[in-house]
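Below: coords-v6.cif (mmCIF, C-alpha atoms and all ligand atoms)
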```cif
data_target
#
loop_
_atom_site.label_atom_id
_atom_site.label_comp_id
_atom_site.auth_asym_id
_atom_site.auth_seq_id
_atom_site.Cartn_x
_atom_site.Cartn_y
_atom_site.Cartn_z
CA MET Z 1186 -280.51 -23.47 120.01
CA GLU Z 1187 -278.77 -26.85 119.86
CA TYR Z 1188 -277.15 -27.41 116.47
CA TYR Z 1189 -275.67 -30.83 117.25
CA LEU Z 1190 -272.22 -29.88 116.02
CA THR Z 1191 -269.71 -32.69 115.57
CA GLU Z 1192 -266.72 -32.81 117.90
CA GLU Z 1193 -264.50 -31.29 115.21
CA GLN Z 1194 -266.99 -28.49 114.54
CA GLN Z 1195 -267.22 -27.70 118.25
CA MET Z 1196 -263.43 -27.63 118.39
CA ILE Z 1197 -263.24 -25.11 115.51
CA ARG Z 1198 -265.95 -22.94 117.08
CA ASP Z 1199 -264.29 -22.98 120.52
CA LEU Z 1200 -260.84 -22.27 119.12
CA ALA Z 1201 -262.14 -19.38 117.00
CA ARG Z 1202 -264.02 -18.03 120.04
CA GLN Z 1203 -260.82 -18.15 122.08
CA VAL Z 1204 -258.73 -16.41 119.40
CA ALA Z 1205 -261.46 -13.78 119.02
CA GLU Z 1206 -261.66 -13.15 122.74
CA GLU Z 1207 -257.94 -13.22 123.58
CA ARG Z 1208 -256.28 -11.89 120.44
CA ILE Z 1209 -258.79 -9.96 118.31
CA LYS Z 1210 -260.98 -8.15 120.84
CA PRO Z 1211 -258.07 -6.29 122.48
CA VAL Z 1212 -256.85 -4.88 119.13
CA ALA Z 1213 -260.14 -4.43 117.20
CA ALA Z 1214 -260.50 -0.71 118.03
CA LYS Z 1215 -256.82 -0.05 117.23
CA TYR Z 1216 -257.08 -1.55 113.73
CA ASP Z 1217 -260.43 0.16 113.15
CA GLU Z 1218 -258.82 3.50 113.96
CA SER Z 1219 -255.62 3.04 111.94
CA GLY Z 1220 -257.05 1.08 109.00
CA GLU Z 1221 -253.86 -0.99 109.00
CA PHE Z 1222 -253.94 -4.62 107.95
CA PRO Z 1223 -253.77 -6.99 110.95
CA TRP Z 1224 -250.78 -9.09 109.88
CA ASP Z 1225 -250.17 -10.29 113.45
CA ILE Z 1226 -253.65 -11.83 113.64
CA MET Z 1227 -253.29 -13.43 110.19
CA LYS Z 1228 -250.03 -14.99 111.45
CA THR Z 1229 -251.85 -16.36 114.50
CA LEU Z 1230 -254.64 -17.75 112.32
CA SER Z 1231 -252.17 -19.47 110.02
CA GLU Z 1232 -250.18 -20.91 112.94
CA MET Z 1233 -253.45 -22.26 114.36
CA ASP Z 1234 -254.36 -23.87 111.02
CA PHE Z 1235 -257.44 -21.74 110.35
CA PHE Z 1236 -256.65 -21.52 106.63
CA ARG Z 1237 -256.81 -25.33 106.42
CA ILE Z 1238 -260.35 -25.61 107.76
CA TYR Z 1239 -262.42 -25.75 104.55
CA LEU Z 1240 -259.79 -27.22 102.22
CA ASP Z 1241 -259.61 -30.87 101.16
CA GLU Z 1242 -257.31 -33.10 103.21
CA GLU Z 1243 -255.55 -34.17 100.00
CA PHE Z 1244 -254.04 -30.69 99.72
CA GLY Z 1245 -253.24 -30.05 103.35
CA GLY Z 1246 -256.71 -29.05 104.49
CA LEU Z 1247 -258.79 -30.29 107.42
CA GLY Z 1248 -261.79 -31.16 105.23
CA LEU Z 1249 -264.30 -29.35 107.45
CA GLY Z 1250 -266.12 -27.79 104.52
CA THR Z 1251 -268.48 -24.84 104.46
CA MET Z 1252 -269.75 -25.53 107.97
CA GLY Z 1253 -266.22 -25.28 109.37
CA LEU Z 1254 -265.65 -22.04 107.48
CA VAL Z 1255 -268.94 -20.59 108.65
CA LEU Z 1256 -268.32 -21.44 112.30
CA ALA Z 1257 -264.85 -19.90 112.26
CA THR Z 1258 -265.98 -16.77 110.39
CA GLU Z 1259 -268.91 -16.21 112.77
CA GLU Z 1260 -266.76 -16.44 115.91
CA LEU Z 1261 -263.95 -14.25 114.55
CA SER Z 1262 -266.50 -11.65 113.38
CA ARG Z 1263 -268.04 -11.53 116.84
CA ALA Z 1264 -264.87 -9.72 117.89
CA CYS Z 1265 -264.19 -7.83 114.63
CA GLY Z 1266 -265.89 -8.17 111.25
CA GLY Z 1267 -262.99 -6.41 109.53
CA ILE Z 1268 -260.21 -8.61 110.89
CA ALA Z 1269 -262.27 -11.74 110.17
CA LEU Z 1270 -262.53 -10.65 106.55
CA GLY Z 1271 -258.81 -11.14 105.80
CA PHE Z 1272 -259.50 -14.79 106.57
CA ALA Z 1273 -262.94 -15.11 104.91
CA ALA Z 1274 -261.91 -13.30 101.69
CA THR Z 1275 -259.00 -15.71 101.33
CA ALA Z 1276 -261.58 -18.50 101.21
CA LEU Z 1277 -263.50 -16.49 98.57
CA GLY Z 1278 -260.35 -16.11 96.45
CA THR Z 1279 -259.46 -19.79 96.86
CA LEU Z 1280 -262.91 -21.26 96.12
CA PRO Z 1281 -262.66 -20.99 92.29
CA LEU Z 1282 -259.43 -23.00 92.43
CA LEU Z 1283 -260.99 -25.52 94.80
CA LEU Z 1284 -264.10 -25.94 92.65
CA PHE Z 1285 -262.69 -25.62 89.14
CA GLY Z 1286 -258.91 -26.00 89.33
CA ASN Z 1287 -257.18 -28.97 87.69
CA LYS Z 1288 -254.84 -31.28 89.62
CA GLU Z 1289 -251.68 -29.37 88.66
CA GLN Z 1290 -253.18 -26.02 89.64
CA LYS Z 1291 -254.38 -27.39 92.97
CA GLU Z 1292 -251.06 -29.06 93.72
CA LYS Z 1293 -249.22 -25.87 92.90
CA PHE Z 1294 -251.23 -23.45 95.05
CA LEU Z 1295 -253.44 -25.18 97.61
CA PRO Z 1296 -250.74 -26.42 100.02
CA ASP Z 1297 -249.40 -22.86 100.48
CA LEU Z 1298 -252.91 -21.43 100.84
CA ALA Z 1299 -253.74 -24.15 103.38
CA ALA Z 1300 -250.60 -23.35 105.36
CA GLY Z 1301 -251.57 -19.67 105.42
CA LYS Z 1302 -248.35 -18.76 103.58
CA MET Z 1303 -250.37 -16.49 101.34
CA LEU Z 1304 -253.74 -14.79 101.39
CA ALA Z 1305 -256.07 -14.75 98.39
CA GLY Z 1306 -258.54 -12.40 96.73
CA PHE Z 1307 -261.37 -12.63 94.21
CA ALA Z 1308 -261.80 -9.90 91.59
CA LEU Z 1309 -264.97 -9.50 89.60
CA THR Z 1310 -266.07 -5.89 90.25
CA GLU Z 1311 -265.01 -2.92 88.11
CA PRO Z 1312 -265.93 0.78 88.27
CA ASP Z 1313 -268.66 0.39 85.61
CA ALA Z 1314 -269.45 -3.26 86.31
CA GLY Z 1315 -270.88 -3.80 89.81
CA SER Z 1316 -274.24 -5.57 90.06
CA ASP Z 1317 -274.13 -5.90 86.29
CA ALA Z 1318 -270.83 -7.73 86.00
CA SER Z 1319 -271.44 -8.40 82.30
CA ARG Z 1320 -270.32 -4.79 81.66
CA MET Z 1321 -266.75 -5.69 82.57
CA GLN Z 1322 -263.99 -4.07 80.51
CA THR Z 1323 -261.00 -6.13 81.65
CA THR Z 1324 -259.81 -8.30 78.81
CA ALA Z 1325 -257.58 -11.35 78.49
CA ARG Z 1326 -256.23 -11.83 74.99
CA LYS Z 1327 -254.68 -15.15 74.05
CA ASP Z 1328 -251.10 -14.79 72.75
CA GLY Z 1329 -249.36 -18.13 72.17
CA ASP Z 1330 -248.77 -19.80 75.53
CA PHE Z 1331 -249.92 -16.70 77.41
CA TYR Z 1332 -252.96 -14.57 78.11
CA VAL Z 1333 -252.42 -10.79 78.14
CA LEU Z 1334 -254.59 -9.00 80.72
CA ASN Z 1335 -255.59 -5.33 80.48
CA GLY Z 1336 -258.03 -3.47 82.71
CA LEU Z 1337 -258.83 -2.49 86.26
CA LYS Z 1338 -260.67 -4.22 89.09
CA HIS Z 1339 -261.81 -2.15 92.05
CA PHE Z 1340 -263.21 -2.59 95.58
CA ILE Z 1341 -261.23 -5.84 95.85
CA THR Z 1342 -260.87 -7.27 99.34
CA ASN Z 1343 -257.33 -8.29 100.27
CA ALA Z 1344 -255.92 -6.14 97.41
CA GLY Z 1345 -252.27 -5.52 98.18
CA VAL Z 1346 -252.06 -8.11 100.94
CA ALA Z 1347 -252.91 -11.27 98.98
CA LYS Z 1348 -250.39 -13.02 96.75
CA PHE Z 1349 -252.98 -15.10 94.89
CA TYR Z 1350 -255.95 -13.61 92.98
CA THR Z 1351 -258.75 -15.11 90.95
CA ILE Z 1352 -259.57 -12.62 88.19
CA ILE Z 1353 -262.61 -12.70 85.94
CA ALA Z 1354 -261.78 -11.15 82.57
CA SER Z 1355 -263.26 -11.20 79.11
CA THR Z 1356 -261.63 -13.50 76.53
CA ASN Z 1357 -264.36 -12.73 74.01
CA PRO Z 1358 -265.96 -9.29 74.59
CA ALA Z 1359 -268.43 -9.81 71.73
CA ARG Z 1360 -270.06 -12.66 73.71
CA GLY Z 1361 -270.73 -10.55 76.82
CA SER Z 1362 -271.09 -12.64 79.98
CA ARG Z 1363 -270.56 -15.82 77.95
CA GLY Z 1364 -267.18 -14.55 76.84
CA ALA Z 1365 -265.70 -14.21 80.35
CA SER Z 1366 -263.03 -16.50 81.78
CA ALA Z 1367 -261.37 -17.00 85.18
CA PHE Z 1368 -257.62 -16.75 85.78
CA ILE Z 1369 -255.13 -17.13 88.57
CA VAL Z 1370 -252.83 -14.13 88.82
CA GLU Z 1371 -249.92 -14.08 91.24
CA GLU Z 1372 -248.52 -10.99 92.91
CA GLY Z 1373 -245.31 -9.93 91.24
CA THR Z 1374 -246.41 -10.83 87.70
CA PRO Z 1375 -245.04 -8.08 85.40
CA GLY Z 1376 -247.84 -5.73 84.33
CA PHE Z 1377 -249.87 -6.37 87.51
CA SER Z 1378 -249.89 -3.57 90.09
CA TYR Z 1379 -252.03 -2.14 92.85
CA GLY Z 1380 -253.92 1.15 92.59
CA LYS Z 1381 -255.89 3.19 95.09
CA LYS Z 1382 -256.47 1.81 98.58
CA GLU Z 1383 -259.99 2.65 99.78
CA GLU Z 1384 -260.81 4.52 103.02
CA LYS Z 1385 -263.95 2.86 104.33
CA MET Z 1386 -266.86 3.44 106.73
CA GLY Z 1387 -266.43 0.06 108.40
CA ILE Z 1388 -264.47 -3.21 108.29
CA ARG Z 1389 -261.50 -0.85 108.32
CA ALA Z 1390 -259.02 -3.56 109.29
CA SER Z 1391 -259.65 -5.19 105.93
CA ALA Z 1392 -257.71 -4.07 102.86
CA THR Z 1393 -259.83 -2.93 99.88
CA GLY Z 1394 -258.30 -1.62 96.70
CA GLU Z 1395 -257.67 -1.66 92.98
CA LEU Z 1396 -255.87 -4.24 90.85
CA ILE Z 1397 -254.38 -2.84 87.64
CA PHE Z 1398 -253.43 -4.93 84.61
CA GLU Z 1399 -251.28 -3.39 81.89
CA ASP Z 1400 -250.20 -5.93 79.28
CA CYS Z 1401 -249.91 -8.43 82.11
CA ARG Z 1402 -248.79 -11.76 80.65
CA ILE Z 1403 -249.85 -14.85 82.53
CA PRO Z 1404 -249.17 -18.44 81.45
CA LYS Z 1405 -252.10 -20.18 79.78
CA GLU Z 1406 -251.89 -22.82 82.52
CA ASN Z 1407 -253.44 -20.18 84.85
CA LEU Z 1408 -256.83 -20.38 83.11
CA LEU Z 1409 -259.39 -22.00 85.44
CA GLY Z 1410 -261.78 -24.40 83.70
CA SER Z 1411 -262.08 -23.41 80.06
CA GLU Z 1412 -262.57 -20.17 78.14
CA GLY Z 1413 -266.11 -18.80 78.54
CA MET Z 1414 -266.59 -20.36 82.00
CA GLY Z 1415 -265.84 -17.13 83.89
CA PHE Z 1416 -269.43 -16.37 84.82
CA PRO Z 1417 -270.47 -19.89 85.86
CA ILE Z 1418 -267.28 -20.00 87.97
CA ALA Z 1419 -268.08 -16.62 89.56
CA ILE Z 1420 -271.69 -17.61 90.27
CA ARG Z 1421 -270.80 -21.01 91.77
CA THR Z 1422 -268.11 -19.32 93.86
CA LEU Z 1423 -270.51 -16.69 95.21
CA ASP Z 1424 -273.17 -19.33 95.92
CA ARG Z 1425 -270.62 -21.02 98.17
CA SER Z 1426 -269.17 -17.90 99.73
CA ARG Z 1427 -272.41 -16.08 100.59
CA PRO Z 1428 -273.00 -18.28 103.65
CA GLY Z 1429 -269.62 -16.89 104.79
CA VAL Z 1430 -270.99 -13.33 104.54
CA ALA Z 1431 -274.08 -14.53 106.42
CA ALA Z 1432 -271.79 -15.95 109.12
CA GLN Z 1433 -269.87 -12.68 109.30
CA ALA Z 1434 -273.21 -10.88 109.75
CA VAL Z 1435 -274.35 -13.31 112.48
CA GLY Z 1436 -271.03 -12.84 114.30
CA ILE Z 1437 -271.22 -9.04 114.10
CA ALA Z 1438 -274.82 -9.11 115.37
CA GLN Z 1439 -273.94 -11.48 118.22
CA GLY Z 1440 -270.99 -9.33 119.24
CA ALA Z 1441 -273.23 -6.25 119.35
CA LEU Z 1442 -275.85 -8.11 121.40
CA ASP Z 1443 -273.17 -9.29 123.87
CA HIS Z 1444 -272.14 -5.66 124.41
CA ALA Z 1445 -275.77 -4.48 124.68
CA VAL Z 1446 -276.59 -7.05 127.38
CA ALA Z 1447 -273.47 -6.22 129.40
CA TYR Z 1448 -274.12 -2.47 129.15
CA SER Z 1449 -277.81 -2.81 130.10
CA ARG Z 1450 -276.79 -4.58 133.30
CA GLN Z 1451 -274.46 -1.83 134.43
CA ARG Z 1452 -276.07 1.39 133.14
CA VAL Z 1453 -278.28 2.87 135.86
CA GLN Z 1454 -281.12 5.32 135.13
CA PHE Z 1455 -284.18 6.03 137.28
CA ASP Z 1456 -282.31 4.26 140.13
CA GLN Z 1457 -282.07 0.90 138.45
CA PRO Z 1458 -280.02 -0.86 135.77
CA ILE Z 1459 -281.76 -0.24 132.44
CA ILE Z 1460 -282.01 -4.00 131.88
CA TYR Z 1461 -284.96 -3.99 134.30
CA PHE Z 1462 -287.02 -1.88 131.87
CA GLN Z 1463 -289.32 -3.99 129.76
CA GLY Z 1464 -288.62 -1.65 126.82
CA ILE Z 1465 -284.96 -2.76 126.91
CA GLN Z 1466 -285.76 -6.42 127.59
CA PHE Z 1467 -288.07 -6.59 124.59
CA LYS Z 1468 -285.34 -5.13 122.40
CA LEU Z 1469 -282.87 -7.77 123.64
CA ALA Z 1470 -285.44 -10.54 123.08
CA GLU Z 1471 -286.08 -9.38 119.52
CA MET Z 1472 -282.36 -9.08 118.77
CA ALA Z 1473 -281.57 -12.54 120.18
CA THR Z 1474 -284.43 -14.18 118.28
CA LYS Z 1475 -283.47 -12.63 114.94
CA ILE Z 1476 -279.84 -13.65 115.44
CA GLU Z 1477 -280.83 -17.24 116.17
CA ALA Z 1478 -283.03 -17.36 113.06
CA ALA Z 1479 -280.15 -15.98 110.95
CA ARG Z 1480 -277.74 -18.50 112.46
CA ALA Z 1481 -280.12 -21.41 111.83
CA LEU Z 1482 -280.54 -20.37 108.18
CA THR Z 1483 -276.78 -19.97 107.74
CA TYR Z 1484 -275.93 -23.36 109.26
CA SER Z 1485 -278.71 -25.03 107.24
CA VAL Z 1486 -277.34 -23.87 103.90
CA ALA Z 1487 -273.77 -24.70 104.95
CA ARG Z 1488 -274.93 -28.24 105.76
CA MET Z 1489 -276.78 -28.46 102.44
CA ILE Z 1490 -273.57 -27.56 100.61
CA ASP Z 1491 -271.47 -30.01 102.60
CA ALA Z 1492 -274.04 -32.76 101.99
CA GLY Z 1493 -273.33 -32.38 98.29
CA HIS Z 1494 -276.50 -30.67 97.05
CA LYS Z 1495 -276.06 -29.42 93.51
CA GLU Z 1496 -278.39 -26.40 93.65
CA PHE Z 1497 -278.34 -23.96 96.56
CA SER Z 1498 -278.24 -20.47 94.98
CA LYS Z 1499 -281.61 -19.52 96.48
CA GLU Z 1500 -280.81 -20.79 100.00
CA SER Z 1501 -277.38 -19.18 99.95
CA ALA Z 1502 -278.87 -15.83 98.87
CA GLN Z 1503 -281.59 -16.15 101.53
CA ALA Z 1504 -279.05 -16.71 104.29
CA LYS Z 1505 -276.93 -13.73 103.15
CA LEU Z 1506 -279.97 -11.46 102.74
CA PHE Z 1507 -281.59 -12.35 106.03
CA ALA Z 1508 -278.45 -12.42 108.17
CA SER Z 1509 -277.14 -9.12 106.84
CA ASP Z 1510 -280.47 -7.36 107.43
CA VAL Z 1511 -280.48 -8.84 110.95
CA ALA Z 1512 -276.94 -7.55 111.53
CA MET Z 1513 -277.98 -4.03 110.52
CA TYR Z 1514 -281.09 -4.17 112.71
CA VAL Z 1515 -279.32 -5.62 115.76
CA THR Z 1516 -276.33 -3.28 115.63
CA THR Z 1517 -278.62 -0.25 115.26
CA GLU Z 1518 -280.62 -1.41 118.29
CA ALA Z 1519 -277.39 -1.96 120.21
CA VAL Z 1520 -276.44 1.68 119.61
CA GLN Z 1521 -279.94 2.66 120.83
CA ILE Z 1522 -279.48 0.66 124.03
CA PHE Z 1523 -276.19 2.45 124.70
CA GLY Z 1524 -278.02 5.79 124.26
CA GLY Z 1525 -275.74 8.74 123.46
CA TYR Z 1526 -272.71 6.72 124.54
CA GLY Z 1527 -273.49 4.31 121.70
CA TYR Z 1528 -272.79 7.09 119.23
CA MET Z 1529 -269.30 7.69 120.61
CA ARG Z 1530 -266.13 6.12 119.22
CA GLU Z 1531 -265.04 5.42 122.79
CA TYR Z 1532 -267.73 2.72 123.08
CA PRO Z 1533 -267.70 -0.43 120.99
CA VAL Z 1534 -271.13 -0.59 119.37
CA GLU Z 1535 -270.94 2.15 116.71
CA LYS Z 1536 -268.14 0.12 115.10
CA TYR Z 1537 -270.40 -2.94 114.94
CA MET Z 1538 -273.02 -0.81 113.18
CA ARG Z 1539 -270.48 0.47 110.64
CA ASP Z 1540 -269.12 -3.04 110.10
CA ALA Z 1541 -272.61 -4.54 109.67
CA LYS Z 1542 -273.46 -2.28 106.72
CA ILE Z 1543 -271.05 -3.93 104.30
CA THR Z 1544 -272.78 -7.31 104.66
CA GLN Z 1545 -275.83 -5.82 102.89
CA LEU Z 1546 -273.64 -4.61 100.04
CA TYR Z 1547 -270.91 -7.00 98.96
CA GLU Z 1548 -270.98 -10.37 97.24
CA GLY Z 1549 -274.09 -8.97 95.58
CA THR Z 1550 -276.20 -6.24 97.16
CA ASN Z 1551 -279.34 -7.34 98.99
CA GLU Z 1552 -281.40 -6.14 96.03
CA ILE Z 1553 -279.49 -8.62 93.88
CA GLN Z 1554 -280.03 -11.38 96.50
CA ARG Z 1555 -283.79 -10.69 96.32
CA ASP Z 1556 -283.52 -10.95 92.55
CA VAL Z 1557 -281.80 -14.36 92.82
CA ILE Z 1558 -284.41 -15.58 95.31
CA ALA Z 1559 -287.35 -14.23 93.31
CA LYS Z 1560 -286.11 -15.91 90.12
CA ALA Z 1561 -285.88 -19.26 91.96
CA VAL Z 1562 -289.34 -18.79 93.48
CA LEU Z 1563 -290.86 -17.90 90.12
CA LYS Z 1564 -289.14 -20.82 88.43
CA GLY Z 1565 -290.49 -23.16 91.12
CA SER Z 1566 -294.03 -21.84 90.83
CA ILE Z 1567 -294.00 -22.19 87.05
CA ALA Z 1568 -292.59 -25.73 87.30
CA LYS Z 1569 -295.42 -26.77 89.63
CA LYS Z 1570 -298.17 -25.65 87.24
C1 LIG Z 1601 -265.71 -3.05 101.13
C2 LIG Z 1601 -266.01 -3.74 99.85
C3 LIG Z 1601 -265.37 -4.92 99.52
C4 LIG Z 1601 -265.63 -5.57 98.31
N1 LIG Z 1601 -264.93 -6.70 97.98
C5 LIG Z 1601 -265.06 -7.21 96.72
C6 LIG Z 1601 -264.22 -8.29 96.29
O1 LIG Z 1601 -263.39 -8.82 97.05
N2 LIG Z 1601 -264.33 -8.72 95.00
C7 LIG Z 1601 -265.23 -8.17 94.12
O2 LIG Z 1601 -265.26 -8.60 92.97
N3 LIG Z 1601 -266.05 -7.16 94.52
C8 LIG Z 1601 -265.99 -6.66 95.79
N4 LIG Z 1601 -266.79 -5.63 96.19
C9 LIG Z 1601 -267.75 -5.07 95.24
C10 LIG Z 1601 -269.19 -5.33 95.59
O3 LIG Z 1601 -269.52 -6.69 95.39
C11 LIG Z 1601 -270.03 -4.35 94.75
O4 LIG Z 1601 -269.82 -3.08 95.33
C12 LIG Z 1601 -271.49 -4.71 94.73
O5 LIG Z 1601 -271.68 -5.89 94.00
C13 LIG Z 1601 -272.36 -3.59 94.15
O6 LIG Z 1601 -271.83 -3.05 92.99
P1 LIG Z 1601 -271.72 -1.45 92.87
O7 LIG Z 1601 -271.00 -0.98 94.07
O8 LIG Z 1601 -271.12 -1.13 91.57
O9 LIG Z 1601 -273.21 -0.95 92.96
P2 LIG Z 1601 -274.26 -0.84 91.74
O10 LIG Z 1601 -274.32 -2.12 91.02
O11 LIG Z 1601 -273.96 0.39 90.97
O12 LIG Z 1601 -275.61 -0.64 92.54
C14 LIG Z 1601 -276.12 0.62 92.96
C15 LIG Z 1601 -277.51 0.38 93.55
O13 LIG Z 1601 -278.41 -0.11 92.53
C16 LIG Z 1601 -278.99 -1.32 92.96
N5 LIG Z 1601 -279.23 -2.20 91.81
C17 LIG Z 1601 -278.36 -2.52 90.82
N6 LIG Z 1601 -278.93 -3.38 89.97
C18 LIG Z 1601 -280.18 -3.62 90.43
C19 LIG Z 1601 -281.26 -4.44 89.99
N7 LIG Z 1601 -281.16 -5.21 88.92
N8 LIG Z 1601 -282.40 -4.43 90.72
C20 LIG Z 1601 -282.51 -3.65 91.81
N9 LIG Z 1601 -281.53 -2.86 92.29
C21 LIG Z 1601 -280.36 -2.86 91.60
C22 LIG Z 1601 -277.98 -1.92 93.93
O14 LIG Z 1601 -278.59 -2.89 94.78
C23 LIG Z 1601 -277.51 -0.68 94.66
O15 LIG Z 1601 -278.44 -0.34 95.65
C24 LIG Z 1601 -266.59 -5.01 97.42
C25 LIG Z 1601 -267.26 -3.84 97.76
C26 LIG Z 1601 -266.98 -3.20 98.94
C27 LIG Z 1601 -267.71 -1.91 99.25
#
```
Could I get this file's structure written as structure tokens?
Amino acid sequence: MEYYLTEEQQMIRDLARQVAEERIKPVAAKYDESGEFPWDIMKTLSEMDFFRIYLDEEFGGLGLGTMGLVLATEELSRACGGIALGFAATALGTLPLLLFGNKEQKEKFLPDLAAGKMLAGFALTEPDAGSDASRMQTTARKDGDFYVLNGLKHFITNAGVAKFYTIIASTNPARGSRGASAFIVEEGTPGFSYGKKEEKMGIRASATGELIFEDCRIPKENLLGSEGMGFPIAIRTLDRSRPGVAAQAVGIAQGALDHAVAYSRQRVQFDQPIIYFQGIQFKLAEMATKIEAARALTYSVARMIDAGHKEFSKESAQAKLFASDVAMYVTTEAVQIFGGYGYMREYPVEKYMRDAKITQLYEGTNEIQRDVIAKAVLKGSIAKK
């Protein structure tokens, strides 16, 4: 499919493809095995200005928006969905500042984030508040010129490796979701520590863990927007970041297809490479078509966002839902094409299958995406009557 990318977009895509091929692919299995964080790759990405891609030029960014972010995330994920996540989750953690930060907050943090001097994270989820984030227990109590945070966030990507976190906490528990607010919390703030690091099925090169707040005092200047805006900030952030998950899913699926095609050419059974069997060809055709549809949906919503549309929750959820289901389907078929070898750690495709699974779960499970989409569809049908 021809997407008529601009010269700058092509440049980002080609550069990300090169980094993925030359730097990430050779170490993907090593990081998957060890579960260590790929600091060397993050250093490469910052030296090559990847963290500038989606940020405004005013603050040291390249101004290439959601489309730039999506292109880079897709290509990096083609080599390793877990390594790509250190990059993509930094965008997730930075988005609330980008969308809702005031001038002072942006001037203070964005240049360092753009330069890749620090990674970021976004913390909404808690042990008893997953899909239903309104059940959050973390509180932020105003005390003079400070807010005092208490509580625990879990399953947070980039926990322990980021220096900058956006935290959603309740400033008025009696008001439920309307009483939540968003804060910037820096690593090293007294009362802020890291808890358990998770051992995961896939994306093992990405760090996932707990953030613990015990009478953690942060200056009131770290409040994003105003008190009570925590949920609107979280929702607008996720609307913008879900195309990034969709791009991660497209990249993972494409990487698995690449391996499946190469393997089908060289694996001989019944005296011929298995690629000559129509049963295999039809699988490859189905996989390639689904990937292209997922990519087209992902790029379309990214372009909508960059064109300045105000409302894109439905489209963003559709891209994330569709692309992640495609990633699960394609990676499972890739394992099938590899036969028994596909099930072995020694071969690359079982990792793609493990990595694909998370795209159906985080930034809202796919059940929640269907809920978002259904609500928009119902609203539209009522409005037309
Ligand atoms: C590796 C990893 C990284 C993550 N990174 C982050 C991060 O950086 N920041 C962050 O804040 N969170 C993060 N998360 C959390 C993630 O977004 C949540 O796990 C997810 O939103 C689901 O919440 P839960 O796990 O509590 O599941 P639950 O909400 O308990 O859901 C359990 C099941 O019930 C279903 N369900 C729930 N409600 C409904 C409903 N209304 N209708 C139909 N079905 C429903 C769900 O779809 C799911 O199948 C991460 C999670 C993982 C695993």
| task | Place a sphere of radius 6 Å on (-260.0, -4.7, 108.9) in the file coordinates and name every protein, DNA or RNA residue with an atom inside or on its surface, counting only C-alpha atoms; give the answer as a PyMOL selection string. | result | chain Z and resi 1267-1268+1388-1391
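Counting only C-alpha atoms, region 1527-1540 of chain Z has the following residues at most 9 Å away, ignoring those fewer than 4 positions along the same chain: Ala1214, Asp1217, Cys1265, Gly1266, Gly1267, Met1386, Gly1387, Ile1388, Arg1389, Ala1434, Ile1437, Ala1438, Gly1440, Ala1441, His1444, Ala1445, Ala1512, Met1513, Tyr1514, Val1515, Thr1516, Thr1517, Ala1519, Val1520, Gln1521, Ile1522, Phe1523 and Thr1544 of chain Z.
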| task | Please provide the set of residues having any atom within 9 Å of Ala1308 (chain Z), restricted to all atoms listed in the file, with same-chain residues fewer than 3 positions apart removed, written as a PyMOL selection string. | result | chain Z and resi 1278+1311+1338-1342+1350-1353+1396
Wanna dump the chain Z-ligand LIG 1601 (chain Z) contacts at 6 Å for me, each residue with its shortest atom pair and the distance in Å to one decimal, counting all atoms listed in the file, ordered by chain and number, as CSV?
```
residue,atom,partner,partner_atom,distance
Z:Phe1307,CA,Z:LIG1601,N2,5.0
Z:Ala1308,CA,Z:LIG1601,O2,3.9
Z:Leu1309,CA,Z:LIG1601,O2,3.5
Z:Thr1310,CA,Z:LIG1601,O2,3.9
Z:Ala1314,CA,Z:LIG1601,O8,5.9
Z:Gly1315,CA,Z:LIG1601,O8,3.2
Z:Ser1316,CA,Z:LIG1601,O10,3.6
Z:Phe1340,CA,Z:LIG1601,C24,4.5
Z:Ile1341,CA,Z:LIG1601,O1,3.9
Z:Thr1342,CA,Z:LIG1601,O1,3.7
Z:Thr1393,CA,Z:LIG1601,C3,5.9
Z:Leu1546,CA,Z:LIG1601,C12,5.7
Z:Tyr1547,CA,Z:LIG1601,O3,3.8
Z:Glu1548,CA,Z:LIG1601,O3,4.4
Z:Gly1549,CA,Z:LIG1601,O5,4.2
Z:Thr1550,CA,Z:LIG1601,O14,4.8
Z:Glu1552,CA,Z:LIG1601,O14,4.5
Z:Ile1553,CA,Z:LIG1601,O14,5.9
```
| request: Go ahead and compute the interatomic distance for CA of Leu1298 (chain Z) and CA of Leu1277 (chain Z), in Å to one decimal. | output: 11.9 Å
| request: Could you give me, as a PyMOL selection string, the residues that sit within 7 Å of (-261.4, -17.4, 86.5) in the file's coordinates, counting all atoms listed in the file? | output: chain Z and resi 1281+1351-1353+1366-1369+1408-1409+1415+1418
| query | Which value, in Å to one decimal, gives the distance between CA of Thr1251 (chain Z) and CA of Glu1192 (chain Z)? | reply |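 Answer for the CA of Thr1251 (chain Z) to CA of Glu1192 (chain Z) separation: 15.7 Å.
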| Can you tell me, as a VMD selection string, what residues are no more than 10 Å from Arg1263 (chain Z) when counting all atoms listed in the file, ignoring any on the same chain fewer than 3 positions away? | chain Z and resid 1201 to 1202 1205 to 1206 1209 to 1210 1258 to 1260 1266 1269 1432 to 1443 1537
| said: Which residue is closest to Ala1561 (chain Z)? Choose from Z:Glu1500, Z:Glu1471, Z:Glu1383, Z:Asp1241 and count only C-alpha atoms. | reply: Z:Glu1500
| Separation of CA of Leu1337 (chain Z) from CA of Asp1317 (chain Z) in Å | 15.7 Å
